[in-house]
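These notes are about the structure you will find just below.
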Amino acid sequence: MSLFDSLITFLQGMGVFSLSWQMVGMWGIAILLLYLGVAKQYEPLLMVPIAFGALIANIPDNGMLITQLNQQVISSNEQGEVTATSLNNVGYLRVHVAPLQQAPSKVPANLTTPESRSQYQEIMQQPMQVYPGSQLTVSKIKSVRESQEKAKADAARLGDDSLTVDPNLKDFQNVTEDNGNEPVFLLTNGEGTTVVRQQGVNYFDTSGNRIPVDLKTQKLEPLVVSAAGKYVAVGQHTQELLVTSIHGGLYDWIGLGIKAEIFPPIIFLGVGALTDFGPLLAAPRTLLLGAAAQVGVAATFFMALFMGFTPNESASIGIIGGADGPTSIFLTMKLAPHLLGAVAVAAYTYMSLVPLIQPPIMALLTTKKERLIRMKSLRTVSKSEKLFFAVLVTIVTILLIPDASPLIGMLMLGNFLRECKVTERLVQASQNEIINIVTIFLGTSVGLTMQGDRFLQSETLLIILLGIVAFGVATAGGVIAAKIMNLIWRKNPVNPLIGSAGVSAVPMAARVSHNVGQKYDPSNYLLMHAMGPNVAGVIGTAVIAGYYIATLAK
């Protein structure tokens with residue numbers, strides 16, 4: 001290659017030729033988020049990594065995200081099987097397998113342009129024709145002839161004529177033996193037994209419904225897929241498979257911490273280690289304020305449904321009202337991963353804007369007399385009580401809502417480490433090194449999902465608008481609930497300002513309640529009182545997320 005050709009190749013590979021208006025537009029959004037994080041110090045520990053990740057995602061690169069997408073044909077061995085080894089050797093991050101006749105069009109070798117990224121998304125998100133091993137496992141498959149011959153052999157051996165008809169066939173009528181052109185199989189799995197007929201490369205039940213067998217191969221046997229989407233166990237009888245493999249860049253690998261649901265629970269470990277649950281135990285009634293704040297989550301869910309979002313998308317948008325970034329990310333990855341960027345940015349932005357959003361709502365819904373209410377001093381909570389509470393909440397919550405276990409379990413583990421007083425090194429690590437490292441990776445990974453061609457859409461703006469509604473309603477719900485409680489506990493009233501701390505922004509929301517109260521009475525200390533509903537809000541939002549996952553994800 002001549003020097004001139006090398007220069008041309010170098011120039012063609014420059015990212016400047018792959019820029020789009022969406023990318024440039026996202027630069028402005030990234031700079032705005034950096035300004036809020038640095039100059040205004042709005043949740044800087046997360047705002048800065050998210051903003052910088054968004055900036056990186058919208059500069060044509062070759063190494064931070066997907067570096068290469070390869071396609072190749074894998075042929076079967078002499079037995080007609082595509083082995084696990086042959087598939088494991090073709091890609092590093094994710095593998096999409098399809099029969100050769102279903103091959104998608106050839107894609108570019110690199111993914112630096114919006115068009116190539118979009119094509120990658122389309123290919124890699126195609127539905128897999130598999131039975132998920134966790135839901136339906138094929139335990140036995142044999143031809144009808146084989147089944148009948150086995151029954152006759154058993155009858156002859158045991159002298160029992162009733163065995164000459166396989167009991168698995170008794171509920172099926174007009175089942176014929178294999179005729180060479182239309183093999184008839186008996187498929188037994190966890191849901192019962194089905195007669196399946198083969199026609200070409202497809203399979204149909206006795207009602208004519210097509211059975212979505214593994215990649216339309218000639219054997220009904222499930223593939224096992226790892227968390228990263230890579231096939232790890234195969235035994236398929238076929239001729240050739242087209243394998244599309246991804247060679248991941250730095251943050252495509254780190255991003256698996258979100259996709260595999262690792263980062264949000266680890267953040268909860270740190271939150272638990274940093275938070276004192278004593279105020280909640282000293283005043284259990286404040287648990288009601290944390291529950292009342294979840295009205296923002298519910299109200300926004302129905303508003304999003306009314307505006308045309310799906311139930312899964314609506315739940316992901318509504319959880320913004322809980323003002324809990326890790327929970328928002330955790331739930332959105334489960335229900336609506338395509339909305340992750342918009343939901344995460346809205347959640348963390350409004351968390352950082354708590355000092356601006358909440359005070360006007362608190363002032364509007366309370367009277368001066370209510371703001372001046374002085375609450376009784378909290379009793380001292382013993383170490384045993386705190387430890388028992390952590391264990392009890394873990395057991396009860398996970399038994400009732402198992403899908404909340406990653407968040408609740410890690411939250412309570414962190415708090416147990418804090419309160420047991422014998423694991424200081426682990427507490428220090430949870431409060432500092434672990435949560436700090438994960439925060440960097442979590443924030444940057446979220447920012448990298450904010451690619452301009454997907455983020456700059458009308459639905460993103462709608463999500464951000466619904467997010468502010470969710471946050472406002474949640475704040476109002478906590479304040480109003482406190483006013484209602486004062487109708488019941490007249491002799492021991494609650495300052496309604498602490499109701500706003502029912503959202504999960506720990507400890508910022510509690511601090512805002514305290515600061516607003518001191519504007520009207522500088523000697524009124526509400527911080528510890530506000531920590532009760534604040535902690536309750538964290539638990540409540542995690543429980544709501546678990547409920548949504550249990551009812552919608554499946």
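Going through the structure tokens in order, the chains are called A, B, and so on, while each chain numbers its residues from 1 and the ligands are numbered from 1 in the order shown.
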DSSP helix (DSSP H, G or I) residues within stretch 273-429 of chain A, as a PyMOL selection string: chain A and resi 273-274+278-282+284-292+295-306+311-322+325-335+337-352+354-365+368-371+383-400+402-420+424-429
Distance query A:Ala282 at most 8 Å, only C-alpha atoms, self and fewer than 5 positions along chain excluded, as JSON, numbers by chain: {"A": [378, 379, 380, 381]}
Among the residues A:Phe471, A:Asn524, A:Ile401, A:Ile267, the one that comes closest to A:Ala347 [using only C-alpha atoms]: A:Phe471
Separation of atom CA of A:Gly296 from atom CA of A:Met375 in Å: 26.1 Å
Contacts of A:Met351 at 12 Å (only C-alpha atoms; same-chain gap of 5+ positions) as a ChimeraX atom specification: /A:37,41-47,320-326,328,344-346,356-358,467-468,470-472,475,501,503-509,512
Any chance you could export the current selection's N, CA and C atoms as a tab-separated table (two decimals), in the first residue's frame?
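Here's the written file result.tsv:
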chain	number	residue	atom	x	y	z
A	37	GLY	N	-23.77	19.19	37.31
A	37	GLY	CA	-23.01	18.41	38.27
A	37	GLY	C	-21.84	19.15	38.87
A	41	GLN	N	-23.37	21.51	41.48
A	41	GLN	CA	-23.18	20.40	42.43
A	41	GLN	C	-24.47	19.64	42.69
A	42	TYR	N	-25.25	19.40	41.63
A	42	TYR	CA	-26.46	18.60	41.73
A	42	TYR	C	-26.09	17.13	41.53
A	43	GLU	N	-26.07	16.38	42.62
A	43	GLU	CA	-25.75	14.94	42.58
A	43	GLU	C	-24.51	14.69	41.72
A	44	PRO	N	-23.39	15.36	42.01
A	44	PRO	CA	-22.22	15.30	41.11
A	44	PRO	C	-21.61	13.91	40.98
A	45	LEU	N	-21.69	13.09	42.02
A	45	LEU	CA	-21.06	11.77	41.96
A	45	LEU	C	-21.65	10.90	40.86
A	46	LEU	N	-22.90	11.15	40.50
A	46	LEU	CA	-23.52	10.39	39.41
A	46	LEU	C	-23.73	11.23	38.17
A	47	MET	N	-24.02	12.52	38.36
A	47	MET	CA	-24.29	13.38	37.20
A	47	MET	C	-23.07	13.49	36.29
A	320	ILE	N	-39.69	6.58	38.56
A	320	ILE	CA	-38.93	7.82	38.73
A	320	ILE	C	-39.43	8.57	39.95
A	321	GLY	N	-40.73	8.46	40.24
A	321	GLY	CA	-41.32	9.15	41.38
A	321	GLY	C	-40.75	8.70	42.71
A	322	GLY	N	-40.13	7.53	42.74
A	322	GLY	CA	-39.51	7.07	43.97
A	322	GLY	C	-38.20	7.77	44.27
A	323	ALA	N	-37.66	8.51	43.30
A	323	ALA	CA	-36.40	9.25	43.45
A	323	ALA	C	-35.27	8.34	43.89
A	324	ASP	N	-35.24	7.14	43.33
A	324	ASP	CA	-34.21	6.16	43.65
A	324	ASP	C	-33.57	5.70	42.35
A	325	GLY	N	-32.38	6.23	42.05
A	325	GLY	CA	-31.73	5.93	40.79
A	325	GLY	C	-31.43	4.47	40.58
A	326	PRO	N	-30.76	3.76	41.52
A	326	PRO	CA	-30.47	2.34	41.31
A	326	PRO	C	-31.71	1.50	41.08
A	328	SER	N	-34.56	2.56	39.81
A	328	SER	CA	-35.06	2.92	38.48
A	328	SER	C	-34.31	2.15	37.40
A	344	ALA	N	-33.07	6.85	33.52
A	344	ALA	CA	-31.97	7.09	34.45
A	344	ALA	C	-31.63	8.57	34.55
A	345	VAL	N	-31.58	9.25	33.41
A	345	VAL	CA	-31.27	10.68	33.43
A	345	VAL	C	-32.35	11.45	34.18
A	346	ALA	N	-33.62	11.12	33.92
A	346	ALA	CA	-34.71	11.79	34.62
A	346	ALA	C	-34.63	11.53	36.13
A	356	LEU	N	-34.62	22.17	44.83
A	356	LEU	CA	-35.37	23.16	44.05
A	356	LEU	C	-36.83	22.76	43.86
A	357	ILE	N	-37.08	21.46	43.71
A	357	ILE	CA	-38.43	20.98	43.39
A	357	ILE	C	-39.33	20.91	44.62
A	358	GLN	N	-38.80	20.38	45.73
A	358	GLN	CA	-39.66	20.08	46.87
A	358	GLN	C	-40.12	21.30	47.69
A	467	GLY	N	-41.63	12.37	34.51
A	467	GLY	CA	-40.78	12.20	35.67
A	467	GLY	C	-40.96	13.31	36.69
A	468	ILE	N	-41.07	14.55	36.22
A	468	ILE	CA	-41.26	15.67	37.15
A	468	ILE	C	-42.63	15.59	37.80
A	470	ALA	N	-44.18	12.72	38.42
A	470	ALA	CA	-44.06	11.63	39.39
A	470	ALA	C	-43.40	12.13	40.67
A	471	PHE	N	-42.36	12.92	40.52
A	471	PHE	CA	-41.63	13.42	41.68
A	471	PHE	C	-42.49	14.39	42.49
A	472	GLY	N	-43.20	15.26	41.80
A	472	GLY	CA	-44.06	16.22	42.49
A	472	GLY	C	-45.20	15.55	43.23
A	475	THR	N	-43.89	13.79	46.38
A	475	THR	CA	-43.64	14.76	47.45
A	475	THR	C	-44.95	15.19	48.11
A	501	ALA	N	-39.88	13.80	52.76
A	501	ALA	CA	-38.72	12.91	52.78
A	501	ALA	C	-39.10	11.46	52.49
A	503	VAL	N	-39.77	10.29	49.73
A	503	VAL	CA	-39.09	9.85	48.51
A	503	VAL	C	-37.73	9.29	48.90
A	504	SER	N	-37.11	8.53	48.00
A	504	SER	CA	-35.96	7.72	48.40
A	504	SER	C	-34.61	8.40	48.31
A	505	ALA	N	-34.57	9.67	48.02
A	505	ALA	CA	-33.28	10.36	47.88
A	505	ALA	C	-32.63	10.51	49.24
A	506	VAL	N	-31.82	9.52	49.62
A	506	VAL	CA	-31.20	9.49	50.95
A	506	VAL	C	-29.80	10.10	50.87
A	507	PRO	N	-29.42	11.00	51.80
A	507	PRO	CA	-30.27	11.66	52.81
A	507	PRO	C	-30.71	13.04	52.36
A	508	MET	N	-30.62	13.32	51.05
A	508	MET	CA	-30.87	14.67	50.58
A	508	MET	C	-32.29	15.15	50.90
A	509	ALA	N	-33.29	14.27	50.70
A	509	ALA	CA	-34.67	14.67	50.95
A	509	ALA	C	-34.89	14.99	52.42
A	512	VAL	N	-33.47	18.40	53.09
A	512	VAL	CA	-34.34	19.47	52.58
A	512	VAL	C	-35.47	19.74	53.57
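For the pair atom CA of A:Pro264 and atom CA of A:Ala542, the interatomic distance is 11.0 Å.
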Nearest candidate to A:Trp21 (options A:Met528, A:Ala273, A:Ala315, A:Ile59; using only C-alpha atoms):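 Smallest distance to A:Trp21 is found for A:Ile59.
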Gap from atom CA of A:Val48 to atom CA of A:Tyr348 - Å, one decimal: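 According to the coordinates, atom CA of A:Val48 and atom CA of A:Tyr348 are separated by 10.9 Å.
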Could you name the residues that touch stretch 22-29 of chain A at 8 Å or less, counting only C-alpha atoms, but leaving out those on the same chain fewer than 6 positions away, as an mmCIF file with N, CA, C and O atoms, in the first residue's frame?
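Just written: part31.cif:
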data_model
loop_
_atom_site.group_PDB
_atom_site.id
_atom_site.type_symbol
_atom_site.label_atom_id
_atom_site.label_comp_id
_atom_site.auth_asym_id
_atom_site.auth_seq_id
_atom_site.Cartn_x
_atom_site.Cartn_y
_atom_site.Cartn_z
ATOM 1 N N ALA A 51 -22.980 12.187 32.449
ATOM 2 C CA ALA A 51 -22.785 13.184 31.403
ATOM 3 C C ALA A 51 -21.582 12.842 30.531
ATOM 4 O O ALA A 51 -21.633 12.947 29.298
ATOM 5 N N ALA A 54 -22.395 9.996 28.262
ATOM 6 C CA ALA A 54 -23.224 10.446 27.146
ATOM 7 C C ALA A 54 -22.376 11.132 26.078
ATOM 8 O O ALA A 54 -22.623 10.984 24.871
ATOM 9 N N LEU A 55 -21.374 11.873 26.518
ATOM 10 C CA LEU A 55 -20.473 12.535 25.571
ATOM 11 C C LEU A 55 -19.691 11.499 24.761
ATOM 12 O O LEU A 55 -19.605 11.586 23.529
ATOM 13 N N ASN A 58 -21.583 9.653 21.986
ATOM 14 C CA ASN A 58 -21.977 10.428 20.812
ATOM 15 C C ASN A 58 -20.775 11.025 20.070
ATOM 16 O O ASN A 58 -20.890 12.010 19.360
ATOM 17 N N ILE A 59 -19.621 10.394 20.260
ATOM 18 C CA ILE A 59 -18.438 10.690 19.450
ATOM 19 C C ILE A 59 -18.071 9.407 18.735
ATOM 20 O O ILE A 59 -17.869 8.374 19.398
ATOM 21 N N GLN A 451 -27.334 7.379 23.273
ATOM 22 C CA GLN A 451 -26.919 7.658 21.904
ATOM 23 C C GLN A 451 -27.979 8.516 21.229
ATOM 24 O O GLN A 451 -29.181 8.246 21.341
ATOM 25 N N GLY A 452 -27.512 9.538 20.524
ATOM 26 C CA GLY A 452 -28.408 10.559 20.004
ATOM 27 C C GLY A 452 -29.544 10.041 19.163
ATOM 28 O O GLY A 452 -30.681 10.516 19.275
ATOM 29 N N ASP A 453 -29.280 9.049 18.303
ATOM 30 C CA ASP A 453 -30.334 8.575 17.407
ATOM 31 C C ASP A 453 -31.469 7.902 18.169
ATOM 32 O O ASP A 453 -32.576 7.780 17.651
ATOM 33 N N LEU A 456 -32.740 11.328 21.329
ATOM 34 C CA LEU A 456 -33.419 12.538 20.862
ATOM 35 C C LEU A 456 -34.704 12.179 20.113
ATOM 36 O O LEU A 456 -34.808 12.273 18.904
#
Distance criterion (only C-alpha atoms): nearest to A:Phe455 out of A:Ile544, A:Leu281, A:Leu340, A:Leu331: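 Residue with the minimum atom-to-atom distance to A:Phe455: A:Leu340.
Distance annotation: of A:Tyr350, A:Phe330, A:Phe277, A:Phe52, the residue with the minimal separation from A:Pro406 is A:Phe330; atom set is only C-alpha atoms.
Of the listed residues (A:Thr349, A:Tyr525, A:Ile319, A:Ser458), A:Thr349 comes nearest to A:Leu33; the distances count only C-alpha atoms.
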Best match for closeness to A:Gly278 among A:His514, A:Lys334, A:Lys368, A:Lys383, counting only C-alpha atoms: A:Lys383
All residues 12 Å or closer to A:Tyr548, only C-alpha atoms, same chain fewer than 4 positions away omitted, as a ChimeraX atom specification: /A:297-298,301,311-319,327-328,330-332,334-336,401-404,541-544,552-554
